[in-house]
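Everything below belongs to my_file.cif, which stores mmCIF, C-alpha atoms and all ligand atoms.
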data_run
loop_
_atom_site.label_atom_id
_atom_site.label_comp_id
_atom_site.auth_asym_id
_atom_site.auth_seq_id
_atom_site.Cartn_x
_atom_site.Cartn_y
_atom_site.Cartn_z
CA MET A 1 -74.62 -5.64 1.58
CA ASP A 2 -73.05 -2.91 -0.56
CA ASP A 3 -71.38 -3.49 -3.95
CA ILE A 4 -67.86 -3.72 -2.49
CA SER A 5 -68.91 -6.33 0.08
CA VAL A 6 -70.64 -8.39 -2.63
CA ALA A 7 -67.45 -8.18 -4.73
CA ILE A 8 -65.24 -9.29 -1.77
CA ALA A 9 -67.53 -12.22 -0.94
CA SER A 10 -67.85 -13.28 -4.60
CA HIS A 11 -64.09 -13.10 -5.10
CA GLU A 12 -63.40 -15.28 -2.03
CA LEU A 13 -66.06 -17.84 -3.01
CA ARG A 14 -64.83 -17.93 -6.61
CA ASN A 15 -61.19 -18.48 -5.50
CA ALA A 16 -62.23 -21.52 -3.45
CA LEU A 17 -64.40 -22.83 -6.32
CA THR A 18 -61.49 -22.44 -8.77
CA VAL A 19 -59.31 -24.65 -6.55
CA ILE A 20 -62.10 -27.27 -6.44
CA LYS A 21 -62.52 -27.10 -10.23
CA VAL A 22 -58.80 -27.52 -10.94
CA CYS A 23 -58.48 -30.43 -8.48
CA THR A 24 -61.53 -32.14 -10.00
CA GLN A 25 -60.12 -31.77 -13.54
CA VAL A 26 -56.75 -33.21 -12.47
CA LEU A 27 -58.55 -36.13 -10.80
CA GLN A 28 -60.70 -36.76 -13.88
CA ARG A 29 -57.64 -36.82 -16.12
CA SER A 30 -55.73 -39.04 -13.74
CA LEU A 31 -58.57 -41.56 -13.43
CA ARG A 32 -59.12 -41.64 -17.22
CA LYS A 33 -55.41 -42.25 -17.79
CA GLU A 34 -55.42 -45.02 -15.22
CA GLN A 35 -58.34 -46.75 -16.92
CA GLY A 36 -57.35 -49.50 -19.29
CA ILE A 37 -53.62 -49.54 -18.50
CA SER A 38 -52.03 -51.90 -16.05
CA LEU A 39 -49.58 -50.29 -13.63
CA ASP A 40 -47.36 -52.05 -11.16
CA GLN A 41 -48.40 -51.75 -7.53
CA GLU A 42 -45.75 -49.20 -6.50
CA VAL A 43 -46.68 -46.78 -9.31
CA LEU A 44 -50.37 -47.33 -8.55
CA ASP A 45 -49.84 -46.51 -4.86
CA GLY A 46 -48.13 -43.25 -5.85
CA VAL A 47 -51.00 -42.33 -8.19
CA HIS A 48 -53.58 -43.07 -5.48
CA ALA A 49 -51.69 -40.99 -2.91
CA LYS A 50 -51.80 -37.99 -5.28
CA GLN A 51 -55.49 -38.56 -6.00
CA LEU A 52 -56.22 -38.65 -2.25
CA SER A 53 -54.38 -35.39 -1.67
CA TYR A 54 -56.50 -33.72 -4.41
CA LEU A 55 -59.63 -35.07 -2.70
CA ASP A 56 -58.39 -33.66 0.65
CA THR A 57 -58.00 -30.23 -0.97
CA ILE A 58 -61.50 -30.47 -2.48
CA MET A 59 -62.89 -31.37 0.97
CA SER A 60 -61.13 -28.52 2.77
CA GLN A 61 -62.17 -25.94 0.15
CA THR A 62 -65.77 -27.23 0.32
CA ASN A 63 -65.70 -26.80 4.11
CA TYR A 64 -64.28 -23.30 3.64
CA ILE A 65 -67.10 -22.33 1.23
CA ASP A 66 -69.59 -23.77 3.72
CA ALA A 67 -68.08 -21.62 6.50
CA LEU A 68 -68.13 -18.48 4.30
CA ILE A 69 -71.79 -19.02 3.44
CA GLY A 70 -72.47 -19.56 7.16
CA GLN A 71 -70.85 -16.19 7.94
CA LEU A 72 -72.87 -14.42 5.22
CA LEU A 73 -76.07 -15.94 6.62
CA ASP A 74 -75.09 -14.84 10.15
CA VAL A 75 -74.59 -11.27 8.93
CA SER A 76 -77.98 -11.31 7.26
CA ARG A 77 -79.65 -12.75 10.42
CA LEU A 78 -77.91 -10.21 12.66
CA ARG A 79 -78.94 -7.32 10.45
CA SER A 80 -82.53 -8.44 10.16
CA GLY A 81 -82.80 -9.28 13.87
CA LEU A 82 -83.54 -12.93 13.10
CA LEU A 83 -80.68 -14.54 15.00
CA PRO A 84 -82.37 -16.84 17.49
CA LEU A 85 -80.82 -16.78 20.97
CA GLU A 86 -81.79 -19.54 23.37
CA TYR A 87 -80.80 -18.54 26.87
CA ARG A 88 -79.75 -21.21 29.37
CA ARG A 89 -77.40 -21.21 32.32
CA VAL A 90 -74.20 -22.43 30.66
CA ASP A 91 -71.00 -23.53 32.39
CA LEU A 92 -68.51 -21.36 30.53
CA VAL A 93 -65.44 -23.04 32.04
CA ALA A 94 -66.60 -26.38 30.58
CA LEU A 95 -67.34 -24.68 27.25
CA VAL A 96 -63.84 -23.13 27.12
CA HIS A 97 -62.27 -26.55 27.85
CA GLN A 98 -64.40 -28.19 25.13
CA VAL A 99 -63.44 -25.64 22.47
CA VAL A 100 -59.73 -25.77 23.39
CA ARG A 101 -59.77 -29.60 23.34
CA GLN A 102 -61.43 -29.64 19.90
CA GLN A 103 -59.01 -27.10 18.44
CA SER A 104 -55.95 -28.84 19.87
CA GLN A 105 -57.12 -32.07 18.22
CA ILE A 106 -57.23 -30.31 14.84
CA THR A 107 -53.70 -28.90 15.04
CA ALA A 108 -50.51 -29.92 16.80
CA ASP A 109 -48.74 -26.74 15.66
CA HIS A 110 -49.59 -24.64 18.73
CA ARG A 111 -49.50 -25.09 22.50
CA PHE A 112 -52.89 -24.53 24.13
CA MET A 113 -53.40 -23.45 27.72
CA VAL A 114 -56.48 -22.71 29.79
CA HIS A 115 -56.14 -20.21 32.62
CA THR A 116 -58.83 -20.13 35.29
CA SER A 117 -59.19 -20.27 39.05
CA ASP A 118 -62.75 -21.65 38.90
CA GLU A 119 -64.03 -25.13 38.14
CA THR A 120 -67.44 -23.89 37.12
CA LEU A 121 -68.74 -20.49 36.04
CA LEU A 122 -72.39 -20.26 35.10
CA ALA A 123 -73.86 -17.47 33.00
CA PRO A 124 -77.15 -17.10 31.15
CA CYS A 125 -76.37 -17.18 27.43
CA ASP A 126 -77.02 -18.84 24.08
CA GLU A 127 -74.47 -21.67 24.09
CA THR A 128 -74.31 -22.01 20.28
CA SER A 129 -73.42 -18.34 19.79
CA ILE A 130 -70.83 -18.24 22.58
CA ARG A 131 -69.24 -21.46 21.28
CA GLN A 132 -69.07 -19.83 17.83
CA VAL A 133 -67.42 -16.70 19.27
CA LEU A 134 -64.83 -18.80 21.15
CA GLU A 135 -64.11 -20.95 18.07
CA ASN A 136 -63.71 -17.88 15.93
CA LEU A 137 -61.28 -16.13 18.30
CA VAL A 138 -59.23 -19.30 18.88
CA ASN A 139 -59.20 -19.91 15.12
CA ASN A 140 -57.91 -16.39 14.50
CA ALA A 141 -55.22 -16.90 17.15
CA LEU A 142 -54.18 -20.03 15.20
CA LYS A 143 -54.32 -18.31 11.81
CA TYR A 144 -52.35 -15.23 12.82
CA SER A 145 -49.61 -16.72 14.99
CA PRO A 146 -46.68 -18.90 13.94
CA PRO A 147 -46.40 -22.61 14.72
CA GLY A 148 -44.76 -23.44 18.04
CA THR A 149 -46.26 -20.46 19.88
CA ALA A 150 -48.72 -20.59 22.76
CA ILE A 151 -52.43 -19.76 22.75
CA THR A 152 -53.97 -19.10 26.16
CA VAL A 153 -57.67 -18.97 26.85
CA GLY A 154 -58.50 -17.41 30.20
CA ILE A 155 -61.78 -17.15 32.07
CA GLU A 156 -62.42 -15.29 35.32
CA ARG A 157 -65.33 -14.00 37.34
CA HIS A 158 -65.36 -10.21 37.69
CA PRO A 159 -68.83 -9.40 39.08
CA PRO A 160 -71.13 -8.31 37.55
CA GLU A 161 -69.48 -10.07 34.57
CA ILE A 162 -67.55 -13.11 33.45
CA VAL A 163 -64.50 -12.17 31.41
CA ILE A 164 -62.98 -14.47 28.78
CA TRP A 165 -59.80 -13.71 26.87
CA ILE A 166 -57.84 -15.36 24.05
CA GLN A 167 -54.17 -14.48 23.96
CA ASP A 168 -51.71 -15.35 21.19
CA GLU A 169 -48.06 -14.67 20.43
CA GLY A 170 -48.70 -13.83 16.80
CA CYS A 171 -48.12 -10.94 14.41
CA GLY A 172 -50.21 -8.46 16.42
CA ILE A 173 -52.22 -5.53 15.07
CA SER A 174 -51.14 -1.89 15.02
CA GLU A 175 -53.21 0.72 16.86
CA GLU A 176 -54.57 2.42 13.73
CA HIS A 177 -56.68 -0.69 12.93
CA HIS A 178 -58.15 -1.22 16.41
CA ALA A 179 -61.14 1.09 16.02
CA VAL A 180 -62.22 -0.36 12.68
CA LEU A 181 -61.25 -4.01 13.10
CA PHE A 182 -64.77 -5.04 14.13
CA GLU A 183 -66.35 -3.45 11.03
CA PRO A 184 -67.73 -6.00 8.54
CA PHE A 185 -65.29 -7.01 5.76
CA TYR A 186 -62.37 -5.22 7.43
CA ARG A 187 -59.07 -7.11 7.07
CA VAL A 188 -55.57 -6.01 8.00
CA CYS A 189 -53.14 -6.70 5.21
CA THR A 190 -49.58 -7.19 6.30
CA LYS A 191 -46.79 -8.85 4.31
CA GLY A 192 -46.92 -11.93 6.52
CA SER A 193 -50.70 -12.37 6.53
CA SER A 194 -51.83 -11.43 3.01
CA TRP A 195 -51.98 -15.11 1.95
CA ILE A 196 -54.37 -15.99 4.81
CA SER A 197 -57.88 -16.24 3.45
CA GLY A 198 -61.00 -14.84 5.09
CA LEU A 199 -63.82 -12.36 4.55
CA GLY A 200 -63.22 -10.12 7.54
CA LEU A 201 -66.59 -11.05 9.05
CA GLY A 202 -65.64 -13.24 12.02
CA LEU A 203 -64.84 -10.41 14.43
CA TYR A 204 -67.88 -8.40 13.36
CA ILE A 205 -70.21 -11.38 13.92
CA SER A 206 -68.53 -12.26 17.22
CA ARG A 207 -68.81 -8.76 18.65
CA GLU A 208 -72.43 -8.40 17.52
CA MET A 209 -73.28 -11.70 19.26
CA ILE A 210 -71.61 -10.57 22.47
CA ASN A 211 -73.34 -7.17 22.30
CA LEU A 212 -76.70 -8.96 21.93
CA HIS A 213 -75.94 -10.74 25.22
CA GLY A 214 -75.32 -7.39 26.92
CA GLY A 215 -71.56 -7.99 26.95
CA ARG A 216 -68.57 -6.20 25.41
CA MET A 217 -65.59 -7.18 23.26
CA TRP A 218 -62.24 -5.42 22.96
CA LEU A 219 -58.63 -6.07 22.06
CA LYS A 220 -55.11 -5.31 23.21
CA SER A 221 -52.48 -5.76 20.56
CA GLU A 222 -49.20 -4.45 19.26
CA PRO A 223 -47.33 -5.47 16.11
CA GLY A 224 -44.90 -8.28 16.91
CA LYS A 225 -46.21 -8.66 20.46
CA GLY A 226 -49.29 -10.80 19.89
CA SER A 227 -52.94 -10.03 20.52
CA THR A 228 -55.43 -10.51 23.31
CA PHE A 229 -59.12 -10.47 22.39
CA THR A 230 -61.37 -10.18 25.44
CA PHE A 231 -65.12 -10.38 25.89
CA SER A 232 -67.43 -10.15 28.85
CA LEU A 233 -70.83 -11.66 29.59
CA PRO A 234 -73.16 -10.49 32.36
CA LEU A 235 -73.57 -12.93 35.27
CA GLU A 236 -77.25 -12.04 35.41
CA ARG A 237 -79.42 -11.28 32.48
CA PRO A 238 -81.49 -8.11 32.64
CA GLN A 239 -85.12 -9.07 31.90
CA GLU A 240 -86.25 -7.78 28.52
CA GLU A 241 -89.75 -6.88 27.47
CA ASP A 242 -89.92 -9.09 24.39
CA ASP A 243 -88.57 -12.27 26.04
CA GLU A 244 -90.68 -15.34 25.38
CA THR A 245 -90.15 -17.67 28.34
CA CYS A 246 -90.45 -21.28 27.13
CA GLY A 247 -91.12 -23.03 30.43
CA ASN A 248 -89.04 -23.05 33.58
CA GLU A 249 -87.05 -26.13 32.53
CA SER A 250 -83.34 -25.23 32.18
CA GLU A 251 -84.30 -21.55 32.40
CA CYS A 252 -84.73 -21.53 28.62
CA VAL A 253 -85.68 -18.20 27.06
CA ALA A 254 -86.01 -17.60 23.32
CA VAL A 255 -85.23 -14.03 22.37
CA LYS A 256 -85.91 -11.99 19.27
CA THR A 257 -82.79 -10.01 18.50
CA GLY A 258 -82.89 -6.36 17.53
CA GLY A 259 -82.28 -5.88 13.80
CA LYS A 260 -80.26 -3.19 12.07
CA PRO A 261 -81.67 -0.97 9.35
P1 LIG A 301 -60.91 -13.08 8.79
O1 LIG A 301 -61.83 -14.17 8.40
O2 LIG A 301 -60.44 -12.27 7.66
O3 LIG A 301 -59.80 -13.56 9.67
P2 LIG A 301 -61.93 -11.59 11.10
O4 LIG A 301 -63.08 -10.66 11.16
O5 LIG A 301 -61.95 -12.76 12.02
O6 LIG A 301 -61.83 -12.05 9.59
O7 LIG A 301 -60.61 -10.76 11.37
C1 LIG A 301 -60.44 -9.49 10.72
C2 LIG A 301 -58.96 -9.17 10.60
O8 LIG A 301 -58.40 -8.96 11.89
C3 LIG A 301 -58.13 -10.30 10.01
O9 LIG A 301 -58.11 -10.23 8.61
C4 LIG A 301 -56.76 -10.08 10.62
O10 LIG A 301 -56.06 -9.16 9.83
C5 LIG A 301 -57.07 -9.41 11.96
N1 LIG A 301 -56.98 -10.37 13.08
C6 LIG A 301 -57.99 -11.03 13.68
N2 LIG A 301 -57.56 -11.78 14.70
C7 LIG A 301 -56.22 -11.59 14.76
C8 LIG A 301 -55.17 -12.09 15.61
N3 LIG A 301 -55.43 -12.93 16.61
N4 LIG A 301 -53.91 -11.65 15.37
C9 LIG A 301 -53.65 -10.78 14.36
N5 LIG A 301 -54.57 -10.28 13.52
C10 LIG A 301 -55.85 -10.69 13.72
#

Translate the structure described by the file into structure tokens.
Ligand code: ADP
Amino acid sequence: MDDISVAIASHELRNALTVIKVCTQVLQRSLRKEQGISLDQEVLDGVHAKQLSYLDTIMSQTNYIDALIGQLLDVSRLRSGLLPLEYRRVDLVALVHQVVRQQSQITADHRFMVHTSDETLLAPCDETSIRQVLENLVNNALKYSPPGTAITVGIERHPPEIVIWIQDEGCGISEEHHAVLFEPFYRVCTKGSSWISGLGLGLYISREMINLHGGRMWLKSEPGKGSTFTFSLPLERPQEEDDETCGNESECVAVKTGGKP
């Protein structure tokens, strides 16, 4: 990581920690005040509701810090070639449905749709990584599109690949950013999105994971017309020299990933 990247990551982590610190101080003060004085039930209920909302903020910021640290660790594993990939034949249609179901349970602000003409589509891949890629792209669609709009996840077989796309009706991204969007720490700052937090690592990590699987990732987007992020995964995995087959059960193959200098 260069100095600028360290500064960006530190800044983002410190912002989240500051929110946690302030909420904790407010809670401390509130609980101390409450001690030793008797309040009627209605006032007490109001105080407890405020305390709970501070605890909710602390929890969400803690989860955010956890996710940021996870991304930094992923970058380090990708660069050192230590990201473990465990290949199995995974039903990607089922995986898409799972991720969409989970995300739609978290938010009621968007309409989710799954578009596919297949009930099952099997491909050899590391399920954890592909789930992470899907979650990241769906999460971005949520972050960068207004409430009430639709998010469609599509999956189709296009031999020799399976193609998966995530389409939103959000702010979109102008052409000048497309070539650099997948660079680490790259973020597009528009008036409408400058308040949205993030490190600019999700797309970089996602594309690297797809590349490691022998797939590709690309986008189609225009400002004001939404974005479609698409990735492909090969239906068959080319055999590699440094594969370590771990038994024939579930066609499980542990793979050392190629590191970057
Ligand atoms: P971040 O955590 O900052 O969102 P990403 O690497 O996932 O990092 O995305 C990089 C940048 O790409 C974002 O800051 C955002 O400007 C832009 N972006 C990603 N996905 C979308 C999307 N679906 N719609 C509009 N802009 C997007």

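With only C-alpha atoms and all ligand atoms as the atoms that count, the residue of A:Ala94, A:Val133, A:Val43, A:Met1 with the shortest distance to ligand LIG 301 (chain A) is A:Val133.
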
Taking only C-alpha atoms and all ligand atoms into account, which residues are within 7 Å of ligand LIG 301 (chain A), as a ChimeraX atom specification?
/A:136-137,140-141,144-145,168,170-173,181-182,185-189,197-204,226-227

Output for the residues just chosen: C-alpha atoms as a PDB file, keeping the file's coordinate frame:
ATOM      1  CA  ASN A 136     -63.710 -17.880  15.930  1.00  0.00           C
ATOM      2  CA  LEU A 137     -61.280 -16.130  18.300  1.00  0.00           C
ATOM      3  CA  ASN A 140     -57.910 -16.390  14.500  1.00  0.00           C
ATOM      4  CA  ALA A 141     -55.220 -16.900  17.150  1.00  0.00           C
ATOM      5  CA  TYR A 144     -52.350 -15.230  12.820  1.00  0.00           C
ATOM      6  CA  SER A 145     -49.610 -16.720  14.990  1.00  0.00           C
ATOM      7  CA  ASP A 168     -51.710 -15.350  21.190  1.00  0.00           C
ATOM      8  CA  GLY A 170     -48.700 -13.830  16.800  1.00  0.00           C
ATOM      9  CA  CYS A 171     -48.120 -10.940  14.410  1.00  0.00           C
ATOM     10  CA  GLY A 172     -50.210  -8.460  16.420  1.00  0.00           C
ATOM     11  CA  ILE A 173     -52.220  -5.530  15.070  1.00  0.00           C
ATOM     12  CA  LEU A 181     -61.250  -4.010  13.100  1.00  0.00           C
ATOM     13  CA  PHE A 182     -64.770  -5.040  14.130  1.00  0.00           C
ATOM     14  CA  PHE A 185     -65.290  -7.010   5.760  1.00  0.00           C
ATOM     15  CA  TYR A 186     -62.370  -5.220   7.430  1.00  0.00           C
ATOM     16  CA  ARG A 187     -59.070  -7.110   7.070  1.00  0.00           C
ATOM     17  CA  VAL A 188     -55.570  -6.010   8.000  1.00  0.00           C
ATOM     18  CA  CYS A 189     -53.140  -6.700   5.210  1.00  0.00           C
ATOM     19  CA  SER A 197     -57.880 -16.240   3.450  1.00  0.00           C
ATOM     20  CA  GLY A 198     -61.000 -14.840   5.090  1.00  0.00           C
ATOM     21  CA  LEU A 199     -63.820 -12.360   4.550  1.00  0.00           C
ATOM     22  CA  GLY A 200     -63.220 -10.120   7.540  1.00  0.00           C
ATOM     23  CA  LEU A 201     -66.590 -11.050   9.050  1.00  0.00           C
ATOM     24  CA  GLY A 202     -65.640 -13.240  12.020  1.00  0.00           C
ATOM     25  CA  LEU A 203     -64.840 -10.410  14.430  1.00  0.00           C
ATOM     26  CA  TYR A 204     -67.880  -8.400  13.360  1.00  0.00           C
ATOM     27  CA  GLY A 226     -49.290 -10.800  19.890  1.00  0.00           C
ATOM     28  CA  SER A 227     -52.940 -10.030  20.520  1.00  0.00           C
TER      29      SER A 227
END

Using all atoms of range 122-130 of chain A listed in the file and a margin of 3 Å per side, can you give the axis-aligned box centre and edge lengths in Å to one decimal, as AutoDock Vina command-line options?
--center_x -74.0 --center_y -19.6 --center_z 27.4 --size_x 12.3 --size_y 10.9 --size_z 21.3

With distances taken over only C-alpha atoms, the candidate from A:Asp40, A:Asp118, A:Asp66, A:Glu127 nearest Glu86 in chain A is A:Glu127

All residues 12 Å or closer to Arg101 in chain A, all atoms listed in the file, same chain fewer than 6 positions away omitted, as a list in words
Ala94, Leu95, Thr107, Ala108, Arg111, Phe112, Met113, Val114, Glu135, Val138 and Val153 of chain A

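Nearest to Ser174 in chain A of all the residues A:Ile130, A:Leu142, A:Ala67, A:Leu219 is A:Leu219, counting only C-alpha atoms.
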
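When all atoms listed in the file are used to measure the gap to Ile164 in chain A, the shortest distance among A:Ile20, A:Ile205, A:Leu134, A:Met59 belongs to A:Leu134.
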
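Taking all atoms listed in the file into account, His178 in chain A lies nearest to A:Thr228 out of the set A:Thr120, A:Asn15, A:Gln103, A:Thr228.
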
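Minimum atom-to-atom distance to Gln132 in chain A, evaluated using only C-alpha atoms, belongs to A:Gln71 out of A:Gln51, A:Ser232, A:Gln71, A:Ser30.
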
One decimal, Å: what's the distance from CA of Asp2 in chain A over to CA of Ile65 in chain A, could you say?
20.4 Å

Which value, in Å to one decimal, gives the distance between CA of Val163 in chain A and CA of Thr116 in chain A?
10.5 Å

What is the distance between CA of Leu92 in chain A and CA of Arg79 in chain A, in Å to one decimal?
26.6 Å

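With only C-alpha atoms taken into account, every residue lying no more than 7 Å from the file point (-78.7, -20.2, 33.2) is included here: Tyr87, Arg88, Arg89, Val90, Leu122, Ala123, Pro124, Cys125, Ser250 and Glu251 of chain A.
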
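Protein, DNA and RNA residues at most 12 Å from (-60.9, -31.5, -0.5), with all atoms listed in the file, are these: Ala16, Leu17, Val19, Ile20, Lys21, Val22, Cys23, Thr24, Leu27, Gln51, Leu52, Ser53, Tyr54, Leu55, Asp56, Thr57, Ile58, Met59, Ser60, Gln61, Thr62, Asn63, Tyr64 and Ile65 of chain A.
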
Pull out range 129-138 of chain A, keep all heavy atoms, and write it as a PDB file, in the first residue's frame.
ATOM      1  N   SER A 129     -15.889 -16.797  -2.566  1.00  0.00           N
ATOM      2  CA  SER A 129     -15.475 -15.613  -3.339  1.00  0.00           C
ATOM      3  C   SER A 129     -16.601 -15.113  -4.229  1.00  0.00           C
ATOM      4  O   SER A 129     -16.839 -13.914  -4.330  1.00  0.00           O
ATOM      5  CB  SER A 129     -14.284 -15.914  -4.245  1.00  0.00           C
ATOM      6  OG  SER A 129     -13.302 -16.571  -3.556  1.00  0.00           O
ATOM      7  N   ILE A 130     -17.302 -16.044  -4.895  1.00  0.00           N
ATOM      8  CA  ILE A 130     -18.348 -15.607  -5.838  1.00  0.00           C
ATOM      9  C   ILE A 130     -19.518 -14.992  -5.070  1.00  0.00           C
ATOM     10  O   ILE A 130     -20.093 -13.993  -5.498  1.00  0.00           O
ATOM     11  CB  ILE A 130     -18.803 -16.783  -6.747  1.00  0.00           C
ATOM     12  CG1 ILE A 130     -17.596 -17.357  -7.498  1.00  0.00           C
ATOM     13  CG2 ILE A 130     -19.878 -16.335  -7.734  1.00  0.00           C
ATOM     14  CD1 ILE A 130     -16.782 -16.346  -8.313  1.00  0.00           C
ATOM     15  N   ARG A 131     -19.811 -15.553  -3.878  1.00  0.00           N
ATOM     16  CA  ARG A 131     -20.852 -14.945  -3.035  1.00  0.00           C
ATOM     17  C   ARG A 131     -20.447 -13.503  -2.670  1.00  0.00           C
ATOM     18  O   ARG A 131     -21.230 -12.574  -2.741  1.00  0.00           O
ATOM     19  CB  ARG A 131     -21.035 -15.770  -1.759  1.00  0.00           C
ATOM     20  CG  ARG A 131     -22.093 -15.201  -0.804  1.00  0.00           C
ATOM     21  CD  ARG A 131     -22.061 -15.931   0.511  1.00  0.00           C
ATOM     22  NE  ARG A 131     -22.401 -17.332   0.359  1.00  0.00           N
ATOM     23  CZ  ARG A 131     -23.644 -17.801   0.301  1.00  0.00           C
ATOM     24  NH1 ARG A 131     -24.648 -16.973   0.417  1.00  0.00           N
ATOM     25  NH2 ARG A 131     -23.877 -19.086   0.145  1.00  0.00           N
ATOM     26  N   GLN A 132     -19.160 -13.348  -2.317  1.00  0.00           N
ATOM     27  CA  GLN A 132     -18.652 -12.020  -1.933  1.00  0.00           C
ATOM     28  C   GLN A 132     -18.775 -11.028  -3.098  1.00  0.00           C
ATOM     29  O   GLN A 132     -19.159  -9.879  -2.916  1.00  0.00           O
ATOM     30  CB  GLN A 132     -17.197 -12.155  -1.487  1.00  0.00           C
ATOM     31  CG  GLN A 132     -16.658 -10.912  -0.817  1.00  0.00           C
ATOM     32  CD  GLN A 132     -15.246 -11.117  -0.306  1.00  0.00           C
ATOM     33  OE1 GLN A 132     -14.876 -12.235   0.089  1.00  0.00           O
ATOM     34  NE2 GLN A 132     -14.447 -10.075  -0.308  1.00  0.00           N
ATOM     35  N   VAL A 133     -18.449 -11.486  -4.301  1.00  0.00           N
ATOM     36  CA  VAL A 133     -18.547 -10.625  -5.493  1.00  0.00           C
ATOM     37  C   VAL A 133     -20.006 -10.201  -5.708  1.00  0.00           C
ATOM     38  O   VAL A 133     -20.306  -9.017  -5.904  1.00  0.00           O
ATOM     39  CB  VAL A 133     -18.003 -11.364  -6.744  1.00  0.00           C
ATOM     40  CG1 VAL A 133     -18.312 -10.583  -8.009  1.00  0.00           C
ATOM     41  CG2 VAL A 133     -16.501 -11.603  -6.618  1.00  0.00           C
ATOM     42  N   LEU A 134     -20.919 -11.188  -5.627  1.00  0.00           N
ATOM     43  CA  LEU A 134     -22.348 -10.883  -5.821  1.00  0.00           C
ATOM     44  C   LEU A 134     -22.836  -9.894  -4.757  1.00  0.00           C
ATOM     45  O   LEU A 134     -23.520  -8.909  -5.075  1.00  0.00           O
ATOM     46  CB  LEU A 134     -23.169 -12.170  -5.716  1.00  0.00           C
ATOM     47  CG  LEU A 134     -23.276 -13.012  -6.981  1.00  0.00           C
ATOM     48  CD1 LEU A 134     -23.855 -14.384  -6.657  1.00  0.00           C
ATOM     49  CD2 LEU A 134     -24.135 -12.317  -8.028  1.00  0.00           C
ATOM     50  N   GLU A 135     -22.473 -10.165  -3.496  1.00  0.00           N
ATOM     51  CA  GLU A 135     -22.919  -9.277  -2.401  1.00  0.00           C
ATOM     52  C   GLU A 135     -22.395  -7.871  -2.620  1.00  0.00           C
ATOM     53  O   GLU A 135     -23.104  -6.892  -2.432  1.00  0.00           O
ATOM     54  CB  GLU A 135     -22.434  -9.814  -1.044  1.00  0.00           C
ATOM     55  CG  GLU A 135     -23.238 -10.998  -0.574  1.00  0.00           C
ATOM     56  CD  GLU A 135     -22.693 -11.646   0.695  1.00  0.00           C
ATOM     57  OE1 GLU A 135     -21.582 -11.273   1.137  1.00  0.00           O
ATOM     58  OE2 GLU A 135     -23.351 -12.539   1.220  1.00  0.00           O
ATOM     59  N   ASN A 136     -21.152  -7.785  -3.054  1.00  0.00           N
ATOM     60  CA  ASN A 136     -20.553  -6.471  -3.249  1.00  0.00           C
ATOM     61  C   ASN A 136     -21.252  -5.692  -4.362  1.00  0.00           C
ATOM     62  O   ASN A 136     -21.575  -4.512  -4.208  1.00  0.00           O
ATOM     63  CB  ASN A 136     -19.057  -6.646  -3.545  1.00  0.00           C
ATOM     64  CG  ASN A 136     -18.397  -5.319  -3.766  1.00  0.00           C
ATOM     65  OD1 ASN A 136     -18.650  -4.381  -3.023  1.00  0.00           O
ATOM     66  ND2 ASN A 136     -17.598  -5.212  -4.799  1.00  0.00           N
ATOM     67  N   LEU A 137     -21.536  -6.373  -5.490  1.00  0.00           N
ATOM     68  CA  LEU A 137     -22.174  -5.674  -6.611  1.00  0.00           C
ATOM     69  C   LEU A 137     -23.625  -5.307  -6.292  1.00  0.00           C
ATOM     70  O   LEU A 137     -24.084  -4.219  -6.654  1.00  0.00           O
ATOM     71  CB  LEU A 137     -22.088  -6.530  -7.886  1.00  0.00           C
ATOM     72  CG  LEU A 137     -20.663  -6.792  -8.400  1.00  0.00           C
ATOM     73  CD1 LEU A 137     -20.687  -7.679  -9.634  1.00  0.00           C
ATOM     74  CD2 LEU A 137     -19.915  -5.495  -8.713  1.00  0.00           C
ATOM     75  N   VAL A 138     -24.333  -6.193  -5.580  1.00  0.00           N
ATOM     76  CA  VAL A 138     -25.717  -5.874  -5.201  1.00  0.00           C
ATOM     77  C   VAL A 138     -25.718  -4.723  -4.184  1.00  0.00           C
ATOM     78  O   VAL A 138     -26.538  -3.804  -4.250  1.00  0.00           O
ATOM     79  CB  VAL A 138     -26.448  -7.119  -4.640  1.00  0.00           C
ATOM     80  CG1 VAL A 138     -27.808  -6.762  -4.072  1.00  0.00           C
ATOM     81  CG2 VAL A 138     -26.613  -8.174  -5.725  1.00  0.00           C
TER      82      VAL A 138
END
